[in-house]
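Structure below is structure_33.cif: mmCIF, C-alpha atoms.
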data_protein
#
loop_
_atom_site.group_PDB
_atom_site.id
_atom_site.type_symbol
_atom_site.label_atom_id
_atom_site.label_comp_id
_atom_site.auth_asym_id
_atom_site.auth_seq_id
_atom_site.Cartn_x
_atom_site.Cartn_y
_atom_site.Cartn_z
ATOM 1 C CA MET A 16 0.000 0.000 0.000
ATOM 2 C CA ILE A 17 1.313 3.466 -0.913
ATOM 3 C CA ASN A 18 1.554 5.857 1.984
ATOM 4 C CA TYR A 19 0.804 9.234 0.427
ATOM 5 C CA ARG A 20 1.519 11.064 3.677
ATOM 6 C CA ASP A 21 5.145 9.885 3.648
ATOM 7 C CA GLU A 22 5.570 10.995 0.027
ATOM 8 C CA GLU A 23 4.035 14.384 0.803
ATOM 9 C CA ASP A 24 6.295 14.827 3.837
ATOM 10 C CA GLU A 25 9.348 13.900 1.768
ATOM 11 C CA PHE A 26 8.342 16.351 -0.966
ATOM 12 C CA GLN A 27 7.867 19.152 1.578
ATOM 13 C CA MET A 28 11.251 18.374 3.132
ATOM 14 C CA GLU A 29 12.937 18.544 -0.281
ATOM 15 C CA GLU A 30 11.221 21.865 -0.991
ATOM 16 C CA SER A 31 12.306 23.191 2.390
ATOM 17 C CA ASN A 32 15.909 22.077 1.813
ATOM 18 C CA GLU A 33 15.943 23.764 -1.601
ATOM 19 C CA LEU A 34 14.517 26.967 -0.158
ATOM 20 C CA ASN A 35 17.143 26.926 2.622
ATOM 21 C CA ARG A 36 19.888 26.398 0.049
ATOM 22 C CA GLN A 37 18.620 29.339 -2.000
ATOM 23 C CA VAL A 38 18.458 31.594 1.060
ATOM 24 C CA ILE A 39 22.019 30.640 2.024
ATOM 25 C CA GLU A 40 23.297 31.298 -1.498
ATOM 26 C CA MET A 41 21.541 34.674 -1.583
ATOM 27 C CA ALA A 42 23.061 35.600 1.792
ATOM 28 C CA LYS A 43 26.538 34.664 0.511
ATOM 29 C CA LYS A 44 26.103 36.822 -2.589
ATOM 30 C CA GLU A 45 24.847 39.743 -0.499
ATOM 31 C CA PHE A 46 27.809 39.429 1.874
ATOM 32 C CA ILE A 47 30.296 39.393 -0.993
ATOM 33 C CA ALA A 48 28.619 42.347 -2.711
ATOM 34 C CA GLY A 49 28.564 44.202 0.608
ATOM 35 C CA CYS A 50 32.294 43.691 1.059
ATOM 36 C CA TYR A 51 33.051 45.123 -2.361
ATOM 37 C CA ASP A 52 30.668 48.035 -1.754
ATOM 38 C CA ALA A 53 32.299 48.757 1.615
ATOM 39 C CA TYR A 54 35.739 48.579 0.027
ATOM 40 C CA GLU A 55 34.703 51.114 -2.627
ATOM 41 C CA ILE A 56 33.357 53.444 0.054
ATOM 42 C CA LEU A 57 36.629 53.231 1.982
ATOM 43 C CA ALA A 58 38.615 53.785 -1.195
ATOM 44 C CA THR A 59 36.590 56.781 -2.371
ATOM 45 C CA LYS A 60 35.667 58.511 0.880
ATOM 46 C CA GLY A 61 38.689 57.711 3.016
ATOM 47 C CA GLU A 62 38.393 58.614 6.678
ATOM 48 C CA GLU A 63 35.005 60.230 6.065
ATOM 49 C CA ALA A 64 33.633 56.705 5.490
ATOM 50 C CA ILE A 65 34.171 55.773 9.135
ATOM 51 C CA GLU A 66 33.380 59.075 10.837
ATOM 52 C CA GLY A 67 30.582 58.792 13.362
ATOM 53 C CA THR A 68 30.465 55.010 13.235
ATOM 54 C CA ASP A 69 30.967 52.446 15.962
ATOM 55 C CA HIS A 70 34.612 51.462 15.654
ATOM 56 C CA LYS A 71 33.905 47.923 16.907
ATOM 57 C CA ASP A 72 31.458 47.436 14.008
ATOM 58 C CA ILE A 73 33.964 48.850 11.523
ATOM 59 C CA GLN A 74 36.718 46.611 12.894
ATOM 60 C CA LYS A 75 34.505 43.539 12.605
ATOM 61 C CA ALA A 76 33.570 44.490 9.037
ATOM 62 C CA ILE A 77 37.219 45.033 8.115
ATOM 63 C CA ASN A 78 38.204 41.653 9.564
ATOM 64 C CA ARG A 79 35.432 39.972 7.545
ATOM 65 C CA MET A 80 36.324 41.878 4.352
ATOM 66 C CA MET A 81 39.979 41.011 4.780
ATOM 67 C CA ALA A 82 39.126 37.322 5.121
ATOM 68 C CA LEU A 83 37.170 37.417 1.862
ATOM 69 C CA PHE A 84 39.921 39.256 -0.001
ATOM 70 C CA VAL A 85 42.611 36.887 1.311
ATOM 71 C CA MET A 86 40.466 33.901 0.281
ATOM 72 C CA ASN A 87 40.125 35.377 -3.200
ATOM 73 C CA GLU A 88 43.850 36.268 -3.300
ATOM 74 C CA GLU A 89 43.062 39.954 -3.835
ATOM 75 C CA TYR A 90 46.232 41.185 -2.251
ATOM 76 C CA GLU A 91 46.025 44.732 -3.649
ATOM 77 C CA ARG A 92 42.731 45.161 -1.801
ATOM 78 C CA CYS A 93 44.296 43.657 1.316
ATOM 79 C CA GLN A 94 47.203 46.097 1.085
ATOM 80 C CA PHE A 95 44.836 49.037 0.683
ATOM 81 C CA ILE A 96 42.803 47.982 3.734
ATOM 82 C CA LYS A 97 45.977 47.557 5.775
ATOM 83 C CA SER A 98 47.235 51.009 4.808
ATOM 84 C CA PHE A 99 43.782 52.495 5.470
ATOM 85 C CA VAL A 100 43.721 50.967 8.942
ATOM 86 C CA ASP A 101 47.301 52.049 9.683
ATOM 87 C CA LYS A 102 46.465 55.616 8.686
ATOM 88 C CA HIS A 103 42.941 56.029 10.088
ATOM 89 C CA MET A 104 42.628 53.443 12.855
ATOM 90 C CA PRO A 105 45.920 53.373 14.754
ATOM 91 C CA GLY A 106 46.208 50.558 17.248
ATOM 92 C CA PHE A 107 43.726 48.304 15.442
ATOM 93 C CA GLU A 108 45.238 44.986 14.406
ATOM 94 C CA ILE A 109 43.498 43.330 11.474
ATOM 95 C CA ILE A 110 42.717 39.677 12.144
ATOM 96 C CA PRO A 111 40.880 38.115 9.197
ATOM 97 C CA ASP A 112 37.697 36.465 10.444
ATOM 98 C CA ILE A 113 38.148 32.716 9.931
ATOM 99 C CA THR A 114 34.400 32.116 10.055
ATOM 100 C CA VAL A 115 34.026 33.809 6.665
ATOM 101 C CA GLU A 116 35.635 30.921 4.792
ATOM 102 C CA LYS A 117 33.454 28.429 6.666
ATOM 103 C CA GLU A 118 30.329 30.461 5.878
ATOM 104 C CA LEU A 119 31.152 30.766 2.207
ATOM 105 C CA THR A 120 32.084 27.129 1.654
ATOM 106 C CA VAL A 121 29.023 25.602 3.304
#

When written as C-alpha cells, how does the structure in this file appear?
Amino acid sequence: MINYRDEEDEFQMEESNELNRQVIEMAKKEFIAGCYDAYEILATKGEEAIEGTDHKDIQKAINRMMALFVMNEEYERCQFIKSFVDKHMPGFEIIPDITVEKELTV
C-alpha cells in the first residue's frame, strides 16, 4: 500500500531544503557584494567613510572583508585595507575572520 503522507512529507522536506539552500546562497552573494561596496566606500571617501560610526562594528567588518579578499587572493585590496587601517585606525590589528571561509564554503 502506498503511503501518500510519507511521500508528501518527503516532498515538503525537499522543498524546504531547496529553499534553505537558496536563502544561504543569496546571503553569501549579499555578503560578498557588501564587502566590495564597503571597500569602494573606503577607497573613495577615506576617513570620512568611518566618521561617526561604531569602531567595533567597523573593525569587525574590516576583519570579515579582509578574510574574503585573502580567500580570493586579492592582495592589492588587502594592502589598501591595511594602509587604510594604519592611517585612520591606529592601534587596530586586522585579524581576518576565519568564520568567513566556513560560511562561504558551506

So which one's closest to A:Lys117, A:Leu83, A:Met41, A:Gln27, A:Val100? Using only C-alpha atoms, please.
->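 Residue with the minimum atom-to-atom distance to A:Lys117: A:Leu83.
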
For the file shown, what are the residues hit by the PyMOL selection byres ((chain A and resi 76) around 12), laid out as a CSV table (one decimal) with C-alpha atoms, in the frame of the given file?
chain,number,residue,atom,x,y,z
A,46,PHE,CA,27.8,39.4,1.9
A,47,ILE,CA,30.3,39.4,-1.0
A,49,GLY,CA,28.6,44.2,0.6
A,50,CYS,CA,32.3,43.7,1.1
A,51,TYR,CA,33.1,45.1,-2.4
A,52,ASP,CA,30.7,48.0,-1.8
A,53,ALA,CA,32.3,48.8,1.6
A,54,TYR,CA,35.7,48.6,0.0
A,57,LEU,CA,36.6,53.2,2.0
A,65,ILE,CA,34.2,55.8,9.1
A,68,THR,CA,30.5,55.0,13.2
A,69,ASP,CA,31.0,52.4,16.0
A,70,HIS,CA,34.6,51.5,15.7
A,71,LYS,CA,33.9,47.9,16.9
A,72,ASP,CA,31.5,47.4,14.0
A,73,ILE,CA,34.0,48.8,11.5
A,74,GLN,CA,36.7,46.6,12.9
A,75,LYS,CA,34.5,43.5,12.6
A,77,ILE,CA,37.2,45.0,8.1
A,78,ASN,CA,38.2,41.7,9.6
A,79,ARG,CA,35.4,40.0,7.5
A,80,MET,CA,36.3,41.9,4.4
A,81,MET,CA,40.0,41.0,4.8
A,82,ALA,CA,39.1,37.3,5.1
A,83,LEU,CA,37.2,37.4,1.9
A,96,ILE,CA,42.8,48.0,3.7
A,109,ILE,CA,43.5,43.3,11.5
A,110,ILE,CA,42.7,39.7,12.1
A,111,PRO,CA,40.9,38.1,9.2
A,112,ASP,CA,37.7,36.5,10.4
A,115,VAL,CA,34.0,33.8,6.7

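Interatomic distance, atom CA of A:Glu66 against atom CA of A:Cys93: 21.2 Å.
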
A:Gly67, A:Glu62, A:Asn87, A:Glu29: which is nearest A:Asp101, counting all atoms listed in the file?
->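 Of A:Gly67, A:Glu62, A:Asn87, A:Glu29, the one nearest A:Asp101, counting all atoms listed in the file, is A:Glu62.
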
Hey, what's within 10 Å of A:Glu118 if we count all atoms listed in the file and toss same-chain stuff fewer than 3 positions away? As an mmCIF file with C-alpha atoms, in the frame of the given file, please?
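Ended up saving to around-v6.cif:
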data_model
loop_
_atom_site.group_PDB
_atom_site.id
_atom_site.type_symbol
_atom_site.label_atom_id
_atom_site.label_comp_id
_atom_site.auth_asym_id
_atom_site.auth_seq_id
_atom_site.Cartn_x
_atom_site.Cartn_y
_atom_site.Cartn_z
ATOM 1 C CA ILE A 39 22.019 30.640 2.024
ATOM 2 C CA ALA A 42 23.061 35.600 1.792
ATOM 3 C CA LYS A 43 26.538 34.664 0.511
ATOM 4 C CA ILE A 113 38.148 32.716 9.931
ATOM 5 C CA THR A 114 34.400 32.116 10.055
ATOM 6 C CA VAL A 115 34.026 33.809 6.665
ATOM 7 C CA VAL A 121 29.023 25.602 3.304
#

What gap, in Å, lies between atom CA of A:Thr120 and atom CA of A:Glu33?
-> 16.8 Å

If you measure from atom CA of A:Val85 to atom CA of A:Ala64, what distance in Å do you get, rounded to one decimal?
-> 22.2 Å

Quick one: 8 Å padding each side, axis-aligned, all listed atoms of stretch 80-88 of chain A - centre and edge lengths in Å to one decimal, as AutoDock Vina command-line options?
--center_x 40.1 --center_y 37.9 --center_z 0.9 --size_x 23.5 --size_y 24.0 --size_z 24.4
